[in-house]
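Q: This structure is in structure tokens; I'll ask about it shortly.
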2 protein chains.
Amino acid sequence: MMNRQIVLRSRPEGNPTVDNFEMVHVEVPPVTDASVLRRTIYLSLDPYMRGRMSDAESYAASVAIRQVMVGHTVSQVVESHNPAFAAGDFVAGYDGWQEFGLSSGRELRKLDPNSAPISTALGTLGMPGMTAYVGLLDIGQPKPGETVVVSAASGAVGSVVGQIARIKGCRAVGIAGSPDKCQYVVDELGFDACVNYKSAGFHEDLAGACPSGIDVYFENVGGAVFAAVVRLLNNNARIPLCGLIADYNAVKMPPGPNLRPLLVKRALIKGFIVSDHNDRAAAFQKDCAAWLREGRLKYREDIVDGLEHAPAALLKLFDGRNFGKLMVRVSQDPTR
Amino acid sequence: MMNRQIVLRSRPEGNPTVDNFEMVHVEVPPVTDASVLRRTIYLSLDPYMRGRMSDAESYAASVAIRQVMVGHTVSQVVESHNPAFAAGDFVAGYDGWQEFGLSSGRELRKLDPNSAPISTALGTLGMPGMTAYVGLLDIGQPKPGETVVVSAASGAVGSVVGQIARIKGCRAVGIAGSPDKCQYVVDELGFDACVNYKSAGFHEDLAGACPSGIDVYFENVGGAVFAAVVRLLNNNARIPLCGLIADYNAVKMPPGPNLRPLLVKRALIKGFIVSDHNDRAAAFQKDCAAWLREGRLKYREDIVDGLEHAPAALLKLFDGRNFGKLMVRVSQDPTR
């Protein structure tokens, strides 16, 4: 049985291109005792992957040249010698950009397709949702009545941030990159407001959307968006620093924003990495699964068909062409 | 009786000049019931004064044009109708750039010249010392064995930060702007190391002085010094953001440092203003007065004689020409 894999062929300078990747065909190894073979259904594409393609120092190891690109996956078990899993089970894992995964199964999490669509394990109920949950609640510490602003508001993380902010009694203001994304954020996700950072009136629009200033700014973007936000910070504002996607492809690191407003406003910035917060996984799953069932957490998926299109699809993240949680359908989802 | 005062004549654009100030002579008002008249002995000069000269929004009101410049003072009571004070008493207050202060006395703090030199009420036992104390201990949260780096290390705040870091069992590394300042910081103040940010090898020197990375960076400076420090941050580093003196005279706000290392290292930056932490004043006075008596807190003063020289003296702060706590001796100190 053949396994199609996408490996890293070269490291990008600046913007990644499809030529940084290469499709290879390898044989699936035999399934040995106590291992689990599964077929990938969905492969998640996320901004952190840009960091793995680089050999700059970061919080996680780079993908080596010729190594299969990493990534979260939802799969179906084909054959299992691990009593915790049976053929046909759906599992969430980290199998990367390939059609089949094989391991002891220790790192897999079983999914119940009757409780939530299995693809949500890559979004609202997966790493992006958990990032939103711990970043907003544990680091942002929002209090009812406060104003929470989130950039990349229609994205996998931002969409959950604003909806949890609403659930917690805050004013939720999104920042997104097009009128249709802004409309979706307000009309479908229920944010109080959303402003388009590409509009000429962005600074005024943001100020108008935050008449009481900004208490929590959940940062996914960096660059000019950050600079606009810091002007509106309230005293003792909190800034969970989750991502800086505007900078990920920079060849020369940009100098970043002026810190003076942070001093004057006694603001706090705290960088965080979701994997440091695994002690919160149970609370996250409990809360977000309940909110999803109750219809209080909505989501949108941007699904690209075919593993071979993963490289081109990934590039959409860096110029905001995706709309919703970006993932690749590697094989048919039998639950849909 | 005449009172010499220095008032703000105009707001600086960029670097302040002596022409932004003007000396005026006014009559001392009669001492009414329940008020305290005192003669200024020492006037403190501090970087925050640059902010008060500007009308940009900040955490404290600007000094109005023609208003007496603000500032912490140590004075001797001339006449008192407030039973809490008697003629001859030494007091710490906020009388600003003038020879005499007159008020109810409610804001004054009595000083015991036998317990510590009265001028320390402007430095180690005053606002700068308290800034170091709450910024390092409450915001920086240093743990024994960690590396604490402080910029402007020979200054009024930085010198206390490093010495408290040593008292708390940390490695203390200073950053200062000349070889003699660095020598003083190590030889007199007892820091483990001090590097000169004006030296060509600054980046390497700093890395060499911090072989285990940086856990706490007490920021007084901003600009290029900050950029050098963030490269060496350890995971979960804390950055009490106290001052950004490199930027205070900027006409166009500089863009500031790259935030990516803060994200990768899960670092925390927290702006703070010492006056928010008055609940810590008693603990500060108790601890720092004891450490001063025990010889564990050393200090250096840079005293300029004559109120008329206060404007020129203030300018020394912004290019690092002061060496030690800068203050003006407005009248004779009878305790020396």
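If you're wondering about the labels, chains in the structure tokens are A, B, ... by order shown, residues count from 1 in each chain, ligands from 1 in order shown.
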Report as a VMD selection string: the residues of stretch 206-263 of chain A with a DSSP assignment of alpha helix (DSSP H), based on the backbone of this structure.

A: chain A and resid 206 to 209 223 to 230 260 to 263

Q: For a quick test of understanding: name the residues of chain A lying within 6 Å of chain B when counting only C-alpha atoms, and present them as a PyMOL selection string.

A: chain A and resi 58-59+255-258+262-264+266-272

Q: Excluding same-chain residues fewer than 6 positions from stretch 24-41 of chain A, what lies within 8 Å of it counting only C-alpha atoms, as a PyMOL selection string?

A: chain A and resi 1-7+73-82+85+95+98-105+329-333

Q: Please report the interatomic distance between atom CA of B:Gly190 and atom CA of B:Lys298 in Å with one decimal.

A: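 These two atoms are separated by 9.1 Å.
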
Q: Can you work out which one of A:Asp46, A:Val304, A:Gly51, A:Lys181 has the shortest atom-to-atom distance to A:Gly14, counting only C-alpha atoms?

A: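 Comparing A:Asp46, A:Val304, A:Gly51, A:Lys181 against A:Gly14, the winner is A:Gly51.
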
Q: Got a sec: who's within 9 Å of B:Leu206, counting only C-alpha atoms, leaving out chain neighbours fewer than 3 positions off, as a PyMOL selection string?

A: chain B and resi 173+175+194-197+201-203+209-211+228-229+232

Q: Atoms to include: C-alpha atoms. Write the selected residues as an mmCIF file, in the first residue's frame.

A:
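What ended up in selection07.cif:
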data_model
loop_
_atom_site.group_PDB
_atom_site.id
_atom_site.type_symbol
_atom_site.label_atom_id
_atom_site.label_comp_id
_atom_site.auth_asym_id
_atom_site.auth_seq_id
_atom_site.Cartn_x
_atom_site.Cartn_y
_atom_site.Cartn_z
ATOM 1 C CA VAL B 173 23.888 42.315 35.269
ATOM 2 C CA ILE B 175 23.899 47.942 31.288
ATOM 3 C CA CYS B 194 28.043 45.371 33.736
ATOM 4 C CA VAL B 195 28.295 45.984 29.995
ATOM 5 C CA ASN B 196 28.679 49.237 28.093
ATOM 6 C CA TYR B 197 25.950 49.642 25.495
ATOM 7 C CA GLY B 201 30.981 44.510 21.222
ATOM 8 C CA PHE B 202 27.822 45.239 23.194
ATOM 9 C CA HIS B 203 25.774 42.305 21.879
ATOM 10 C CA ALA B 209 27.554 38.401 30.918
ATOM 11 C CA CYS B 210 24.360 36.333 30.786
ATOM 12 C CA PRO B 211 25.542 32.771 30.154
ATOM 13 C CA ALA B 228 19.753 43.503 22.293
ATOM 14 C CA VAL B 229 18.121 42.122 25.425
ATOM 15 C CA LEU B 232 18.667 36.603 25.211
#

Q: Within 12 Å of B:Gly169, counting only C-alpha atoms, which residues qualify if same-chain residues fewer than 3 places away don't, as number ranges by chain?

A: B: 142-148, 162-166, 172, 191-192

Q: Running DSSP on the backbone, which parts of stretch 108-281 of chain A land in strand (DSSP E or B), as a PyMOL selection string?

A: chain A and resi 109-111+147-151+171-176+193-196+214-219+233-241+268-271

Q: As a ChimeraX atom specification, please: the residues near stretch 127-140 of chain B (cut-off 6 Å, only C-alpha atoms, same-chain neighbours under 3 positions excluded).

A: /B:123-124,156-157,160-161,216,238,240,274

Q: Compare B:Gly208, B:Gly93, B:Pro16, B:Gly158 by their minimum atom-to-atom distance to B:Arg109, counting only C-alpha atoms, and give me the closest one.

A: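 Among the listed residues, the smallest separation from B:Arg109 belongs to B:Gly93.
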